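Peer 1: Enclosed is the structure file structure-v8.cif (mmCIF, C-alpha atoms).
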data_query
loop_
_atom_site.label_atom_id
_atom_site.label_comp_id
_atom_site.auth_asym_id
_atom_site.auth_seq_id
_atom_site.Cartn_x
_atom_site.Cartn_y
_atom_site.Cartn_z
CA MET A 345 10.17 7.23 -44.87
CA ALA A 346 9.39 3.55 -44.62
CA ALA A 347 8.88 3.86 -40.86
CA SER A 348 6.51 6.77 -41.37
CA ARG A 349 4.54 4.78 -43.94
CA HIS A 350 4.41 1.82 -41.58
CA CYS A 351 3.06 3.96 -38.73
CA ARG A 352 0.43 5.49 -40.99
CA GLN A 353 -0.71 2.07 -42.22
CA ARG A 354 -0.90 0.74 -38.66
CA ASP A 355 -2.95 3.73 -37.49
CA GLN A 356 -5.32 3.30 -40.42
CA ALA A 357 -5.75 -0.32 -39.39
CA ASP A 358 -6.60 0.85 -35.88
CA LEU A 359 -9.21 3.28 -37.19
CA HIS A 360 -10.93 0.52 -39.10
CA GLY A 361 -10.80 -1.98 -36.15
CA ARG A 362 -8.46 -4.44 -37.79
CA GLY A 363 -5.50 -4.15 -35.37
CA ARG A 364 -4.61 -6.52 -32.56
CA GLY A 365 -4.35 -5.79 -28.83
CA LEU A 366 -6.52 -2.64 -29.13
CA GLY A 367 -7.29 -0.52 -26.07
CA PRO A 368 -10.26 1.64 -24.95
CA ASP A 369 -9.88 3.99 -27.94
CA HIS A 370 -10.75 1.04 -30.15
CA LEU A 371 -14.04 0.58 -28.29
CA LEU A 372 -14.95 4.20 -28.97
CA ARG A 373 -14.14 3.81 -32.62
CA ARG A 374 -16.16 0.62 -32.83
CA THR A 375 -19.25 2.34 -31.41
CA MET A 376 -18.85 4.97 -34.17
CA ALA A 377 -18.14 2.42 -36.91
CA ASP A 378 -21.24 3.51 -38.82
CA VAL A 379 -20.00 7.13 -39.05
CA THR A 380 -17.38 7.81 -41.77
CA PHE A 381 -15.66 11.19 -42.10
CA PRO A 382 -12.44 12.55 -43.67
CA ALA A 383 -9.61 13.62 -41.32
CA HIS A 384 -5.93 14.70 -41.46
CA ILE A 385 -3.66 12.65 -39.18
CA THR A 386 -0.27 13.97 -38.05
CA LEU A 387 2.09 11.47 -36.42
CA THR A 388 4.93 12.72 -34.18
CA SER A 389 7.66 10.39 -32.93
CA GLU A 390 9.92 11.27 -29.95
CA ALA A 391 11.89 9.43 -27.30
CA ASP A 392 11.09 9.34 -23.61
CA LEU A 393 13.63 9.58 -20.75
CA ASP A 394 14.62 5.94 -21.24
CA GLY A 395 15.08 6.38 -24.97
CA LEU A 396 11.93 4.48 -25.89
CA PRO A 397 9.98 5.89 -28.84
CA ILE A 398 6.64 7.60 -28.19
CA LEU A 399 4.30 8.00 -31.13
CA THR A 400 1.69 10.80 -30.88
CA ALA A 401 -1.17 11.03 -33.39
CA GLU A 402 -3.06 14.28 -33.91
CA VAL A 403 -6.31 14.15 -35.89
CA THR A 404 -7.55 17.31 -37.57
CA LEU A 405 -11.13 17.21 -38.89
CA ALA A 406 -12.38 19.04 -41.91
CA PRO A 407 -15.05 21.69 -41.11
CA THR A 408 -17.79 19.54 -42.63
CA ALA A 409 -16.76 16.52 -40.53
CA ALA A 410 -16.52 18.58 -37.36
CA ALA A 411 -20.17 19.61 -37.81
CA LEU A 412 -21.44 16.01 -37.91
CA PRO A 413 -23.78 15.13 -34.99
CA LEU A 414 -22.39 12.78 -32.40
CA PRO A 415 -24.16 9.43 -31.74
CA VAL A 416 -26.71 9.35 -28.91
CA GLY A 417 -25.08 8.36 -25.65
CA PRO A 418 -26.43 6.06 -22.93
CA GLU A 419 -29.47 7.11 -20.94
CA GLY A 420 -28.63 9.13 -17.87
CA ASP A 421 -29.73 8.58 -14.27
CA LEU A 422 -33.26 9.45 -13.22
CA GLY A 423 -33.46 12.97 -11.86
CA PRO A 424 -35.11 13.96 -8.60
CA PRO A 425 -38.91 14.28 -8.67
CA GLY A 426 -40.25 17.74 -9.21
CA VAL A 427 -42.60 19.61 -6.95
CA PRO A 428 -46.24 18.71 -7.83
CA ILE A 429 -48.23 21.75 -8.96
CA PRO A 430 -51.89 21.85 -10.00
CA PRO A 431 -52.29 22.46 -13.75
CA PHE A 432 -54.53 25.50 -13.24
CA ILE A 433 -54.88 27.76 -10.21
CA LYS A 434 -57.44 30.54 -10.59
CA MET A 435 -56.28 33.71 -8.86
CA GLY A 436 -59.09 36.09 -9.72
CA GLU A 437 -60.20 38.56 -12.38
CA ILE A 438 -58.42 41.35 -14.24
CA ALA A 439 -59.86 44.04 -16.50
CA ASP A 440 -57.57 43.62 -19.52
CA GLU A 441 -54.02 42.79 -20.65
CA ALA A 442 -52.61 45.93 -19.05
CA ALA A 443 -53.84 44.78 -15.65
CA ARG A 444 -51.74 41.61 -15.64
CA PRO A 445 -49.82 41.19 -12.34
CA ALA A 446 -46.12 42.02 -12.45
CA GLY A 447 -43.15 40.32 -10.83
CA LEU A 448 -44.26 36.73 -11.40
CA THR A 449 -41.59 34.00 -11.20
CA GLU A 450 -41.24 30.26 -11.79
CA ALA A 451 -42.92 29.70 -8.41
CA ASP A 452 -46.11 31.28 -9.81
CA ARG A 453 -46.43 28.75 -12.63
CA SER A 454 -50.00 27.48 -13.33
CA LYS A 455 -51.69 30.61 -11.99
CA TRP A 456 -54.32 32.24 -14.21
CA TRP A 457 -56.68 35.22 -14.25
CA HIS A 458 -60.04 35.73 -15.92
CA ARG A 459 -59.85 38.58 -18.44
CA LEU A 460 -63.12 40.51 -18.24
CA ASP A 461 -62.64 42.41 -21.53
CA ASP A 462 -62.88 39.30 -23.75
CA ASP A 463 -63.62 36.40 -21.34
CA SER A 464 -60.22 34.90 -22.09
CA MET A 465 -57.76 33.22 -19.78
CA ASP A 466 -54.36 34.77 -18.98
CA PHE A 467 -52.08 31.91 -17.91
CA TRP A 468 -48.57 32.25 -16.44
CA ASP A 469 -46.36 29.32 -17.58
CA GLY A 470 -43.44 30.23 -15.34
CA THR A 471 -41.61 32.46 -17.78
CA ASP A 472 -44.23 34.19 -19.92
CA TRP A 473 -47.93 34.91 -20.33
CA VAL A 474 -50.17 32.63 -22.41
CA ASN A 475 -53.58 33.91 -23.48
CA LEU A 476 -56.37 31.39 -24.14
CA PRO A 477 -59.26 33.13 -25.92
CA ASN A 478 -62.90 32.37 -25.08
CA ALA A 479 -61.80 30.12 -22.22
CA VAL A 480 -64.33 31.43 -19.69
CA GLY A 481 -68.05 30.95 -20.37
CA PRO A 482 -71.07 32.48 -18.70
CA GLN A 483 -71.72 31.63 -15.07
CA GLY A 484 -73.83 28.52 -14.57
CA PRO A 485 -76.86 28.11 -12.31
CA ILE A 486 -76.37 27.93 -8.57
CA ALA A 487 -75.89 24.35 -7.45
CA PRO A 488 -78.17 22.90 -4.77
CA ALA A 489 -76.92 23.09 -1.23
CA ASN A 490 -74.78 20.13 -0.28
CA GLU A 491 -75.78 17.97 2.69
CA LEU A 492 -72.79 16.08 4.12
CA THR A 493 -73.47 13.61 6.93
CA PRO A 494 -70.46 12.27 8.86
CA LEU A 495 -70.51 8.57 9.67
CA ASP A 496 -68.80 6.88 12.60
CA VAL A 497 -65.04 6.71 12.28
CA ILE A 498 -63.75 3.21 11.47
CA SER A 499 -60.63 2.16 13.37
CA ASP A 500 -58.98 -0.75 11.55
CA GLU A 501 -55.80 -2.38 12.85
CA LYS A 502 -55.05 -3.64 9.32
CA VAL A 503 -54.97 -0.10 7.89
CA THR A 504 -51.70 1.85 7.80
CA ILE A 505 -52.81 4.89 5.76
CA PRO A 506 -55.92 6.89 6.71
CA ALA A 507 -58.66 7.17 4.08
CA VAL A 508 -61.68 9.39 3.49
CA GLU A 509 -64.64 8.22 1.41
CA ILE A 510 -67.39 10.61 0.29
CA LYS A 511 -70.32 9.09 -1.58
CA PRO A 512 -72.31 9.11 -3.74
CA VAL A 513 -70.28 11.31 -6.06
CA ASN A 514 -73.21 12.56 -8.17
CA SER A 515 -75.54 13.73 -5.43
CA SER A 516 -75.88 16.78 -3.20
CA VAL A 517 -76.81 14.47 -0.29
CA GLN A 518 -73.62 12.69 0.70
CA THR A 519 -71.96 10.86 3.57
CA ILE A 520 -68.34 11.04 4.63
CA GLN A 521 -66.58 8.01 6.11
CA LEU A 522 -63.18 8.25 7.78
CA THR A 523 -61.02 5.14 8.24
CA VAL A 524 -57.95 5.43 10.44
CA PRO A 525 -55.29 3.00 11.69
CA ALA A 526 -56.13 1.48 15.03
CA GLY A 527 -54.22 2.88 17.97
CA ASP A 528 -52.64 1.03 20.84
CA ARG A 529 -54.92 -1.17 22.90
CA GLY A 530 -56.38 0.78 25.79
CA ALA A 531 -56.68 -0.21 29.40
CA GLN A 532 -59.27 -2.71 30.56
CA GLY A 533 -62.55 -0.94 31.21
CA ASP A 534 -64.83 -1.35 34.19
CA PRO A 535 -67.31 -4.25 34.10
CA GLY A 536 -70.67 -3.32 32.62
CA ALA A 537 -73.97 -3.61 34.40
CA SER A 538 -75.44 -7.11 34.45
CA GLY A 539 -78.55 -7.67 32.33
CA THR A 540 -80.55 -10.29 30.45
CA ILE A 541 -79.66 -11.36 26.93
CA SER A 542 -83.15 -10.69 25.60
CA THR A 543 -82.92 -6.97 26.51
CA SER A 544 -79.52 -6.44 24.89
CA PRO A 545 -79.39 -4.33 21.69
CA ASP A 546 -77.22 -7.10 20.21
CA PHE A 547 -80.06 -9.62 20.54
CA ASP A 548 -82.62 -10.22 17.77
CA GLY A 549 -85.84 -11.34 19.45
CA ALA A 550 -88.08 -11.30 16.36
CA GLN A 551 -88.36 -15.10 16.61
CA GLY A 552 -88.30 -16.35 20.19
CA PRO A 553 -86.40 -19.41 21.40
CA VAL A 554 -87.90 -22.90 21.58
CA LYS A 555 -86.86 -26.07 23.37
CA ARG A 556 -83.26 -26.97 22.52
CA SER A 557 -82.71 -23.75 20.55
CA THR A 558 -79.09 -22.78 20.06
CA PHE A 559 -77.72 -19.30 20.67
CA ALA A 560 -75.85 -18.10 17.58
CA PHE A 561 -74.66 -14.99 15.74
CA SER A 562 -76.59 -14.10 12.59
CA ARG A 563 -74.49 -12.36 9.94
CA VAL A 564 -77.43 -10.69 8.16
CA PRO A 565 -78.75 -8.51 11.04
CA ARG A 566 -75.31 -8.77 12.75
CA ARG A 567 -76.96 -9.70 16.03
CA PHE A 568 -77.35 -12.76 18.21
CA LYS A 569 -80.55 -14.75 17.90
CA PRO A 570 -82.05 -18.12 18.86
CA THR A 571 -81.88 -20.70 16.07
CA PRO A 572 -83.94 -23.86 15.55
CA PRO A 573 -82.79 -27.06 17.26
CA VAL A 574 -80.22 -29.02 15.34
CA CYS A 575 -81.99 -32.38 15.64
CA GLY A 576 -85.00 -31.84 17.89
CA TYR A 577 -86.25 -34.31 20.50
CA GLY A 578 -86.04 -38.02 20.02
CA PRO A 579 -85.53 -39.85 17.89
CA TRP A 580 -88.27 -42.49 17.94
CA HIS A 581 -87.58 -45.41 15.59
CA TRP A 582 -89.62 -48.30 14.15
CA SER A 583 -87.73 -51.09 12.36
CA SER A 584 -88.83 -53.60 9.72
CA SER A 585 -90.27 -55.96 12.37
CA ASP A 586 -92.92 -53.30 13.19
CA PHE A 587 -94.22 -53.47 9.59
CA PRO A 588 -96.45 -56.26 8.14
CA ALA A 589 -95.08 -59.33 6.39
CA ASP A 590 -94.56 -59.45 2.62
CA THR A 591 -97.86 -59.00 0.82
CA SER A 592 -99.65 -57.17 -2.01
CA TYR A 593 -102.30 -54.43 -1.88
CA THR A 594 -104.93 -53.30 -4.36
CA THR A 595 -106.38 -50.48 -2.24
CA ASN A 596 -104.99 -47.74 -0.03
CA THR A 597 -103.69 -49.37 3.17
CA VAL A 598 -102.03 -48.27 6.44
CA ILE A 599 -98.90 -50.40 6.99
CA LEU A 600 -97.63 -48.74 10.23
CA THR A 601 -99.12 -46.78 13.14
CA ALA A 602 -96.40 -45.15 15.25
CA ASN A 603 -97.54 -43.78 18.63
CA LEU A 604 -95.68 -40.80 20.12
CA PRO A 605 -95.88 -39.58 23.75
CA ALA A 606 -97.18 -36.20 24.89
CA LEU A 607 -94.44 -33.55 25.10
CA PRO A 608 -94.35 -30.38 27.27
CA PHE A 609 -94.01 -28.06 24.26
CA ASP A 610 -95.50 -27.48 20.81
CA TRP A 611 -93.69 -29.41 18.11
CA ARG A 612 -93.75 -30.55 14.48
CA PRO A 613 -92.72 -34.07 13.34
CA GLN A 614 -89.71 -34.56 11.12
CA VAL A 615 -89.71 -38.02 9.55
CA HIS A 616 -87.22 -40.22 7.70
CA GLY A 617 -87.69 -43.80 6.55
CA ALA A 618 -87.97 -46.30 3.70
CA VAL A 619 -90.25 -48.97 2.23
CA GLN A 620 -89.51 -51.61 -0.42
CA LEU A 621 -92.18 -51.68 -3.14
CA MET A 622 -92.87 -53.04 -6.62
CA ASN A 623 -95.53 -51.34 -8.73
CA GLU A 624 -97.49 -54.05 -10.55
CA GLY A 625 -100.08 -51.77 -12.15
CA ASP A 626 -100.34 -50.46 -15.68
CA SER A 627 -98.20 -47.63 -17.09
CA ALA A 628 -100.56 -45.00 -15.62
CA THR A 629 -100.46 -46.40 -12.10
CA ILE A 630 -98.42 -44.52 -9.46
CA TRP A 631 -98.17 -45.70 -5.84
CA PHE A 632 -97.15 -43.35 -3.00
CA ALA A 633 -96.09 -44.09 0.57
CA TYR A 634 -97.19 -41.22 2.87
CA ALA A 635 -96.25 -40.48 6.47
CA ARG A 636 -99.29 -38.65 7.89
CA LEU A 637 -100.00 -37.06 11.25
CA TRP A 638 -102.91 -38.51 13.33
CA ASN A 639 -104.47 -40.90 10.76
CA SER A 640 -104.65 -41.92 7.10
CA ASN A 641 -106.53 -38.68 6.30
CA GLY A 642 -104.14 -36.44 8.27
CA VAL A 643 -101.69 -33.89 6.92
CA GLY A 644 -98.66 -35.23 5.10
CA VAL A 645 -95.27 -34.94 6.81
CA GLY A 646 -93.29 -37.41 4.65
CA ILE A 647 -93.54 -38.93 1.20
CA THR A 648 -92.00 -41.35 -1.31
CA VAL A 649 -93.15 -42.58 -4.72
CA CYS A 650 -92.91 -45.84 -6.70
CA PRO A 651 -93.80 -45.05 -10.33
CA TRP A 652 -91.86 -47.87 -11.98
CA SER A 653 -93.36 -51.29 -12.60
CA GLY A 654 -91.74 -54.68 -12.92
CA PHE A 655 -88.94 -54.51 -10.30
CA TRP A 656 -88.38 -53.95 -6.60
CA ASP A 657 -87.34 -50.50 -5.44
CA LEU A 658 -86.26 -49.35 -1.95
CA CYS A 659 -88.07 -45.99 -1.74
CA ASP A 660 -86.80 -43.38 0.74
CA ILE A 661 -89.44 -41.57 2.82
CA THR A 662 -88.24 -37.97 3.17
CA GLU A 663 -89.52 -34.95 5.07
CA HIS A 664 -92.39 -33.38 3.09
CA TYR A 665 -95.17 -31.02 4.18
CA GLY A 666 -98.13 -31.15 1.77
CA ASN A 667 -100.89 -33.32 0.22
CA PRO A 668 -99.07 -34.06 -2.09
CA ASN A 669 -97.88 -30.61 -3.29
CA SER A 670 -95.55 -28.84 -0.90
CA ILE A 671 -96.86 -25.87 1.04
CA GLY A 672 -94.95 -22.78 2.08
CA MET A 673 -93.55 -22.97 5.60
CA SER A 674 -92.52 -20.09 7.87
CA PRO A 675 -91.45 -19.76 11.52
CA ASN A 676 -95.06 -18.93 12.41
CA SER A 677 -96.73 -21.68 10.36
CA ASP A 678 -99.13 -23.91 12.31
CA TYR A 679 -99.08 -26.74 9.74
CA ALA A 680 -98.65 -30.22 11.29
CA VAL A 681 -98.10 -28.80 14.79
CA VAL A 682 -98.77 -31.03 17.81
CA LYS A 683 -99.80 -29.00 20.84
CA ALA A 684 -98.02 -29.39 24.17
CA GLY A 685 -99.48 -32.13 26.41
CA TYR A 686 -101.09 -34.12 23.57
CA ALA A 687 -100.10 -37.64 22.53
CA SER A 688 -99.96 -38.20 18.78
CA GLN A 689 -99.31 -40.80 16.13
CA ILE A 690 -97.74 -41.05 12.68
CA VAL A 691 -99.21 -43.51 10.16
CA VAL A 692 -97.49 -44.82 7.04
CA SER A 693 -100.00 -45.57 4.30
CA LEU A 694 -99.71 -46.88 0.73
CA GLU A 695 -101.87 -44.80 -1.60
CA ARG A 696 -102.51 -45.32 -5.32
CA GLN A 697 -103.00 -42.37 -7.63
CA ASN A 698 -104.18 -42.90 -11.21
CA GLY A 699 -104.29 -46.17 -13.09
CA SER A 700 -105.12 -49.61 -11.69
CA GLY A 701 -103.30 -52.61 -10.39
CA GLN A 702 -101.68 -53.69 -7.17
CA VAL A 703 -98.46 -52.88 -5.34
CA SER A 704 -96.28 -55.49 -3.66
CA PHE A 705 -94.71 -54.72 -0.28
CA ARG A 706 -91.56 -56.37 1.12
CA GLN A 707 -90.94 -56.13 4.87
CA SER A 708 -87.14 -56.15 4.54
CA GLY A 709 -85.68 -52.63 4.63
CA ALA A 710 -88.83 -50.93 5.96
CA ALA A 711 -88.17 -48.35 8.70
CA LEU A 712 -89.39 -45.05 10.15
CA THR A 713 -87.60 -42.46 12.33
CA VAL A 714 -89.34 -39.42 13.87
CA TYR A 715 -87.89 -36.30 15.50
CA ALA A 716 -89.97 -33.76 17.44
CA MET A 717 -88.93 -30.27 16.27
CA PRO A 718 -90.01 -27.62 18.85
CA VAL A 719 -91.92 -24.61 17.48
CA LYS A 720 -93.14 -21.36 18.96
CA LEU A 721 -96.27 -19.82 17.46
#
As structure tokens, what does this structure read like?
Peer 2:
Amino acid sequence: MAASRHCRQRDQADLHGRGRGLGPDHLLRRTMADVTFPAHITLTSEADLDGLPILTAEVTLAPTAAALPLPVGPEGDLGPPGVPIPPFIKMGEIADEAARPAGLTEADRSKWWHRLDDDSMDFWDGTDWVNLPNAVGPQGPIAPANELTPLDVISDEKVTIPAVEIKPVNSSVQTIQLTVPAGDRGAQGDPGASGTISTSPDFDGAQGPVKRSTFAFSRVPRRFKPTPPVCGYGPWHWSSSDFPADTSYTTNTVILTANLPALPFDWRPQVHGAVQLMNEGDSATIWFAYARLWNSNGVGVGITVCPWSGFWDLCDITEHYGNPNSIGMSPNSDYAVVKAGYASQIVVSLERQNGSGQVSFRQSGAALTVYAMPVKL
């Protein structure tokens, strides 16, 4: 009797997870530790072939405990993907419920028929009929005829999956574009007929070439075209020794006359330079240094300004077309153009605008550089 009580106490300890050296059954009991139920345990002791005792425990549940739901188990493996089926497949029209097709199976799922007696929708869900009342409305107006224009097929070596693009989506006038993976490189073709660049469809001749034009590809029209010279002809340069010595001026004065030779093409001057000035006038006085074509009254092609008074300032002469306001320039503009075969000159003049007072000039740092930029009018 004592041994039986001992076995019962030990088994109760196992059920509550307090025993030592517990096996896999203990893990199951631990996962169900939050479920408590009454049970009748019968212990049977017998000896094996070697005479060792074997203890067998039989658990009998009460009917109420046997009906308890089991805990949710682990999530199972992902099943195979199903066959994709459109949600609704219209098959036609039927007069009424009695005219429903017979012999439908799971393979006919998603098929539906328009019921003419009540404008409802008879839908087959794979096992039974489902009726959706008032699902079919009156017929709408006839849509405009669709105009679909095929575009050239795009062969792209970076594409692995073909694609079709139809656009725009909200119009009856559409285009269709097919993009496919590029195939294997074909054999070398025969040489094409020789021709001039200017007659090629890949050449943009809207603006003709000029002296020293470069031949380049333009991304906007996606064609080759002549571009303006990078630096033009020249340069011609005049250093500080070509300018007058340090002095002061109270009136407009030319401080450099730069003579340029005749060139065999039409061109426009592009000037760069500097002069060192100090404005000694009142607060309203502004002194400019202009680079002008031909003479002191010619068109402006370069400019700098010295508005500050009381200190020396090295003023950069930069490219500028205007007198003094800039004017719009285009490839066909004839502003400041020197005709082919004509010698020319650029003058640098100091010009006062507004106010009164003198300007002081320092020879050190003065310079002028001129490029001849070819043009074609």
Peer 1: Take every atom of segment 457-474 of chain A listed in the file, fit an axis-aligned box around them, add 4 Å per side, and give the centre and edge lengths in Å to one decimal as AutoDock Vina command-line options.
Peer 2:
--center_x -52.6 --center_y 35.9 --center_z -19.0 --size_x 30.0 --size_y 21.1 --size_z 17.5
Peer 1: Once the PyMOL selection byres ((chain A and resi 387) around 8) is applied to the coordinates I shared, what remains selected? I want it as a ChimeraX atom specification.
Peer 2: /A:351-352,385-386,388-389,399-402
Peer 1: Using the chain letters and numbering of this document, enumerate as a ChimeraX atom specification the residues selected by the PyMOL selection byres ((chain A and resi 535-550) around 7).
Peer 2: /A:533-534,551-552,567-569
Peer 1: Might you spell out which residues the PyMOL selection byres ((chain A and resi 523-531) around 7) would select in the displayed file, as a PyMOL selection string?
Peer 2: chain A and resi 497-501+503-508+521-522+532-533
Peer 1: So that I can check the surroundings of Glu695 of chain A, please list as a ChimeraX atom specification every protein, DNA and RNA residue that reaches within 9 Å of it, counting only C-alpha atoms and ignoring chain neighbours fewer than 4 positions away.
Peer 2: /A:595-598,630-634
Peer 1: Have a look at atom CA of Lys434 of chain A and atom CA of Asp466 of chain A and let me know their distance in Å, one decimal.
Peer 2: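 Atom-to-atom, atom CA of Lys434 of chain A to atom CA of Asp466 of chain A, that is 9.9 Å.
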Peer 1: When you count all atoms listed in the file, which of these residues is closest to Gly447 of chain A: A:Phe432, A:Trp473, A:Tyr593, A:Tyr686?
Peer 2: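 Ranking A:Phe432, A:Trp473, A:Tyr593, A:Tyr686 by distance to Gly447 of chain A, first place goes to A:Trp473.
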Peer 1: For Trp468 of chain A, list every protein, DNA or RNA residue within 6 Å, evaluated using only C-alpha atoms, and leave out those in the same chain fewer than 3 positions away; present the list as a PDB file with C-alpha atoms, keeping the file's coordinate frame.
Peer 2:
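And here's around.pdb as it stands now:
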ATOM      1  CA  ARG A 453     -46.430  28.750 -12.630  1.00  0.00           C
ATOM      2  CA  SER A 454     -50.000  27.480 -13.330  1.00  0.00           C
ATOM      3  CA  LYS A 455     -51.690  30.610 -11.990  1.00  0.00           C
ATOM      4  CA  ASP A 472     -44.230  34.190 -19.920  1.00  0.00           C
ATOM      5  CA  TRP A 473     -47.930  34.910 -20.330  1.00  0.00           C
TER       6      TRP A 473
END
Peer 1: To one decimal place, how far is atom CA of Thr404 of chain A from atom CA of Glu419 of chain A in Å?
Peer 2: 29.3 Å
Peer 1: Using only C-alpha atoms, find the one residue out of A:Leu712, A:Val416, A:Ala684, A:Ala628 that sits nearest to Ser584 of chain A.
Peer 2: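 Under the stated criterion, the closest residue is A:Leu712.
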Peer 1: What does the distance from atom CA of Pro718 of chain A to atom CA of Asp610 of chain A come to in Å, to one decimal?
Peer 2: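 Computing the Euclidean distance for atom CA of Pro718 of chain A and atom CA of Asp610 of chain A yields 5.8 Å.
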Peer 1: Smallest atom-to-atom distance to Met435 of chain A: which of A:Arg612, A:Arg706, A:His458, A:Lys511, using all atoms listed in the file?
Peer 2: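 Under the stated criterion, the closest residue is A:His458.
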Peer 1: Name the closest residue to Leu414 of chain A among the candidates A:Thr380, A:Ser464, A:Thr558, A:Ser670; distances are taken between atoms, counting all atoms listed in the file.
Peer 2: A:Thr380
